[in-house]
Amino acid sequence: MINKDVPVLWTKSFLLFIIGNFFLFMSFMMLLPTMPPQAKALGATDFQVGLVTTLFAFSAIIARPFIGFLLESSSRKWLVVVGAIALFLLTITYTFSSMIILFLVIRFVHGIVWGCATTVNGTVAVELVPSKRIGEGIGYFGLSATIGMIIAPSLGILIYQNFGFHAMIAGSVIIGLLGIVTLASGKYHTPTSVQAKTLNFKEFSFINSLFTRDSWYPALVTILTTFGYGAIVTFIVIFGEERGIDQIFLYYFCNAIMATAVRPISGKWFDRKGPWTLIMICSVLTIAGLWVLSYTYSVGMLILAGAIFGAGYGSLLPALQAWVLSKTASEKRGTANGMFYSAIDFGLGLSAILLGVVSAFVDLGTVFQLSSICFVIVIFMTLYDFRKQKSQEKKKTIAV
């Protein structure tokens, strides 16, 4: 029996949008771990290999304020479709990058387009979700990105190592095309406040479009969570080789299964109780997953580590995104989403640099243990905000 008091979440457009976003992330994330070795194959120096990640992250961050400003007065459908097509075309151009300089230029442009596309899609997602089910809805939307982030890197590595760079690009292009078709099939409503506003570039401020005052705190927490996750992204394949574990893909597989399994529970939890206890519990599970991984020497331990980490981190980022958006006015959601995704890029980029330096002095198991400190800090920061929120509510009650 349908409860008429509960707004509908699973509309046709929302379902198509989630599937399309999954394809988009799959297509992109297949490229991520193969870009540095490909740059090396083109004759890049160690410095240039570092630029492969740095240029991409930098361009994505500087692009998001502009697209966030554009979202305050622009129709959603064309932004979604154009972004997907641009990513598709840029992926194809990698097949023509025979020189390292051209390769780096493509990475820079790719970062700009990726920054725009993720900001647009994150904004459209929250507009497709009923406000009373934002935690649950953004949780499912985040799941499409999270599973793509978990599965695609190992798939990209598998194709790259066995069939070469061009075959990996072909696979990414095919998945990207599926994303375009799926995203173009949905209907996306542009908020009335956005429709009523006329684009005026004289009003643009880079700083104001980069940050939103109301949601800067959860964005800061996001930087810490992605910094900690950066240890997995950067070192998990090398870690498997060092420990003699060939089935490293099982870590990603179990991670994805657990992230999917807990998402319905965590989304509803957010809507009923807010982000604080959910984020703290997820952080504890993530810490446990990192420590189990640090002591892993067998496939069984690898599966356990992946499952625990997936149960925690799989719900952490969507909860943070929902927290950011819940503090933001509807016309500023584009800016808030841009800030959220920039926080992810900044955390991952900074992690790759700093943990890369640390890994030269300690083993990778210790790197995973050290990265867990980020999630300890996340727990205390979330607890602080929870107590602050309760204190403010108590003062309001007394005032009334």
# chains A, B, ... in the order shown; residues from 1 in each chain; ligands from 1
call {"tool": "closest_atom_pairs", "arguments": {"of": "region 84-136 of chain A", "to": "region 265-279 of chain A", "cutoff": "8 Å", "atoms": "only C-alpha atoms", "output": "Markdown table"}}
result
| residue | atom | partner | partner_atom | distance |
| --- | --- | --- | --- | --- |
| A:Lys132 | CA | A:Asp271 | CA | 7.0 |
| A:Arg133 | CA | A:Asp271 | CA | 6.2 |
| A:Ile134 | CA | A:Asp271 | CA | 6.8 |
| A:Gly135 | CA | A:Gly267 | CA | 4.8 |
| A:Glu136 | CA | A:Gly267 | CA | 3.6 |
call {"tool": "residues_around", "arguments": {"residues": "region 340-342 of chain A", "least_positions_apart": "6", "cutoff": "9 Å", "atoms": "only C-alpha atoms", "output": "PyMOL selection string"}}
result
chain A and resi 57+60-62+64+115+118-119+122+210+216+218-220+222-223+320-321+324
call {"tool": "write_last_selection", "arguments": {"atoms": "N, CA and C atoms", "output": "JSON list (two decimals), in the first residue's frame"}}
result
[["chain", "number", "residue", "atom", "x", "y", "z"],
["A", 57, "ALA", "N", 43.19, 18.18, -11.07],
["A", 57, "ALA", "CA", 42.50, 18.62, -9.86],
["A", 57, "ALA", "C", 42.39, 20.14, -9.82],
["A", 60, "ALA", "N", 39.75, 21.43, -12.33],
["A", 60, "ALA", "CA", 38.39, 21.09, -11.88],
["A", 60, "ALA", "C", 37.93, 22.06, -10.79],
["A", 61, "ILE", "N", 38.85, 22.38, -9.89],
["A", 61, "ILE", "CA", 38.50, 23.29, -8.78],
["A", 61, "ILE", "C", 38.21, 24.70, -9.29],
["A", 62, "ILE", "N", 39.03, 25.21, -10.20],
["A", 62, "ILE", "CA", 38.81, 26.59, -10.67],
["A", 62, "ILE", "C", 37.60, 26.69, -11.59],
["A", 64, "ARG", "N", 34.65, 25.05, -11.15],
["A", 64, "ARG", "CA", 33.39, 24.88, -10.44],
["A", 64, "ARG", "C", 32.72, 26.18, -10.01],
["A", 115, "GLY", "N", 34.91, 18.98, -13.69],
["A", 115, "GLY", "CA", 34.46, 19.85, -12.61],
["A", 115, "GLY", "C", 33.07, 20.40, -12.87],
["A", 118, "THR", "N", 30.27, 17.28, -12.88],
["A", 118, "THR", "CA", 29.93, 16.75, -11.56],
["A", 118, "THR", "C", 29.13, 17.76, -10.74],
["A", 119, "THR", "N", 29.44, 19.04, -10.90],
["A", 119, "THR", "CA", 28.69, 20.08, -10.19],
["A", 119, "THR", "C", 27.25, 20.15, -10.69],
["A", 122, "GLY", "N", 25.31, 16.91, -9.60],
["A", 122, "GLY", "CA", 25.00, 16.92, -8.17],
["A", 122, "GLY", "C", 23.85, 17.85, -7.86],
["A", 210, "LEU", "N", 32.86, 30.10, -5.14],
["A", 210, "LEU", "CA", 33.69, 28.97, -4.74],
["A", 210, "LEU", "C", 33.24, 28.42, -3.39],
["A", 216, "TRP", "N", 30.21, 25.54, 4.67],
["A", 216, "TRP", "CA", 31.65, 25.38, 4.58],
["A", 216, "TRP", "C", 32.16, 24.30, 5.55],
["A", 218, "PRO", "N", 30.75, 21.26, 6.71],
["A", 218, "PRO", "CA", 30.75, 19.89, 6.18],
["A", 218, "PRO", "C", 31.68, 19.71, 4.98],
["A", 219, "ALA", "N", 31.94, 20.80, 4.23],
["A", 219, "ALA", "CA", 32.90, 20.71, 3.13],
["A", 219, "ALA", "C", 34.31, 20.48, 3.66],
["A", 220, "LEU", "N", 34.63, 21.13, 4.79],
["A", 220, "LEU", "CA", 35.93, 20.92, 5.42],
["A", 220, "LEU", "C", 36.07, 19.48, 5.91],
["A", 222, "THR", "N", 34.62, 17.00, 4.55],
["A", 222, "THR", "CA", 34.76, 16.22, 3.33],
["A", 222, "THR", "C", 36.23, 16.13, 2.88],
["A", 223, "ILE", "N", 36.96, 17.23, 3.01],
["A", 223, "ILE", "CA", 38.38, 17.23, 2.64],
["A", 223, "ILE", "C", 39.14, 16.17, 3.45],
["A", 320, "LEU", "N", 27.73, 13.28, 3.67],
["A", 320, "LEU", "CA", 28.37, 14.60, 3.68],
["A", 320, "LEU", "C", 27.76, 15.52, 2.62],
["A", 321, "GLN", "N", 27.49, 14.96, 1.43],
["A", 321, "GLN", "CA", 26.88, 15.77, 0.38],
["A", 321, "GLN", "C", 25.48, 16.22, 0.79],
["A", 324, "VAL", "N", 25.85, 19.00, 3.30],
["A", 324, "VAL", "CA", 26.17, 20.27, 2.63],
["A", 324, "VAL", "C", 24.91, 20.89, 2.03]]
call {"tool": "residues_around", "arguments": {"residues": "region 96-108 of chain A", "least_positions_apart": "3", "cutoff": "6 Å", "atoms": "only C-alpha atoms", "output": "list in words"}}
result
Leu42, Leu55, Phe56, Ser59, Thr93 and Gly111 of chain A
call {"tool": "write_last_selection", "arguments": {"atoms": "all heavy atoms", "output": "mmCIF file, in the first residue's frame"}}
result
data_model
loop_
_atom_site.group_PDB
_atom_site.id
_atom_site.type_symbol
_atom_site.label_atom_id
_atom_site.label_comp_id
_atom_site.auth_asym_id
_atom_site.auth_seq_id
_atom_site.Cartn_x
_atom_site.Cartn_y
_atom_site.Cartn_z
ATOM 1 N N LEU A 42 54.889 7.784 -22.367
ATOM 2 C CA LEU A 42 55.106 8.831 -23.366
ATOM 3 C C LEU A 42 56.414 9.587 -23.128
ATOM 4 O O LEU A 42 56.739 10.527 -23.856
ATOM 5 C CB LEU A 42 53.938 9.820 -23.366
ATOM 6 C CG LEU A 42 52.582 9.278 -23.857
ATOM 7 C CD1 LEU A 42 51.495 10.331 -23.664
ATOM 8 C CD2 LEU A 42 52.664 8.858 -25.321
ATOM 9 N N LEU A 55 47.339 18.949 -12.358
ATOM 10 C CA LEU A 55 46.683 19.830 -13.333
ATOM 11 C C LEU A 55 45.195 19.542 -13.421
ATOM 12 O O LEU A 55 44.377 20.462 -13.500
ATOM 13 C CB LEU A 55 47.322 19.648 -14.720
ATOM 14 C CG LEU A 55 48.643 20.361 -14.979
ATOM 15 C CD1 LEU A 55 49.186 19.979 -16.350
ATOM 16 C CD2 LEU A 55 48.476 21.874 -14.890
ATOM 17 N N PHE A 56 44.849 18.264 -13.397
ATOM 18 C CA PHE A 56 43.444 17.879 -13.479
ATOM 19 C C PHE A 56 42.664 18.417 -12.276
ATOM 20 O O PHE A 56 41.599 19.025 -12.434
ATOM 21 C CB PHE A 56 43.319 16.355 -13.545
ATOM 22 C CG PHE A 56 41.909 15.879 -13.668
ATOM 23 C CD1 PHE A 56 41.338 15.701 -14.916
ATOM 24 C CD2 PHE A 56 41.142 15.621 -12.545
ATOM 25 C CE1 PHE A 56 40.027 15.264 -15.045
ATOM 26 C CE2 PHE A 56 39.838 15.187 -12.657
ATOM 27 C CZ PHE A 56 39.277 15.012 -13.906
ATOM 28 N N SER A 59 42.380 22.344 -12.359
ATOM 29 C CA SER A 59 41.439 22.881 -13.341
ATOM 30 C C SER A 59 39.994 22.591 -12.949
ATOM 31 O O SER A 59 39.098 23.403 -13.189
ATOM 32 C CB SER A 59 41.739 22.317 -14.740
ATOM 33 O OG SER A 59 41.600 20.913 -14.765
ATOM 34 N N THR A 93 39.991 12.028 -27.400
ATOM 35 C CA THR A 93 41.204 12.766 -27.783
ATOM 36 C C THR A 93 42.475 12.168 -27.190
ATOM 37 O O THR A 93 43.571 12.410 -27.710
ATOM 38 C CB THR A 93 41.112 14.249 -27.358
ATOM 39 O OG1 THR A 93 40.977 14.330 -25.929
ATOM 40 C CG2 THR A 93 39.930 14.942 -28.017
ATOM 41 N N GLY A 111 39.876 18.199 -16.783
ATOM 42 C CA GLY A 111 39.557 18.597 -15.417
ATOM 43 C C GLY A 111 38.488 19.674 -15.373
ATOM 44 O O GLY A 111 37.585 19.641 -14.528
#
call {"tool": "residues_around", "arguments": {"residues": "region 244-256 of chain A", "least_positions_apart": "3", "cutoff": "10 Å", "atoms": "only C-alpha atoms", "output": "PyMOL selection string"}}
result
chain A and resi 143+146-155+157-158+236-241+259-261+293+296-314
call {"tool": "closest_residue", "arguments": {"among": "A:Thr226, A:Thr366, A:Ser144, A:Thr382", "to": "Ser351 (chain A)", "atoms": "only C-alpha atoms"}}
result
A:Thr226
call {"tool": "atom_distance", "arguments": {"atom1": "CA of Val292 (chain A)", "atom2": "CA of Leu364 (chain A)"}}
result
12.7 Å
call {"tool": "closest_residue", "arguments": {"among": "A:Phe235, A:Tyr188, A:Phe206, A:Phe380", "to": "Arg76 (chain A)", "atoms": "only C-alpha atoms"}}
result
A:Tyr188
call {"tool": "closest_residue", "arguments": {"among": "A:Ile18, A:Leu325, A:Leu370, A:Ala360", "to": "Tyr217 (chain A)", "atoms": "only C-alpha atoms"}}
result
A:Leu325
call {"tool": "atom_distance", "arguments": {"atom1": "CA of Ser205 (chain A)", "atom2": "CA of Thr190 (chain A)"}}
result
22.6 Å
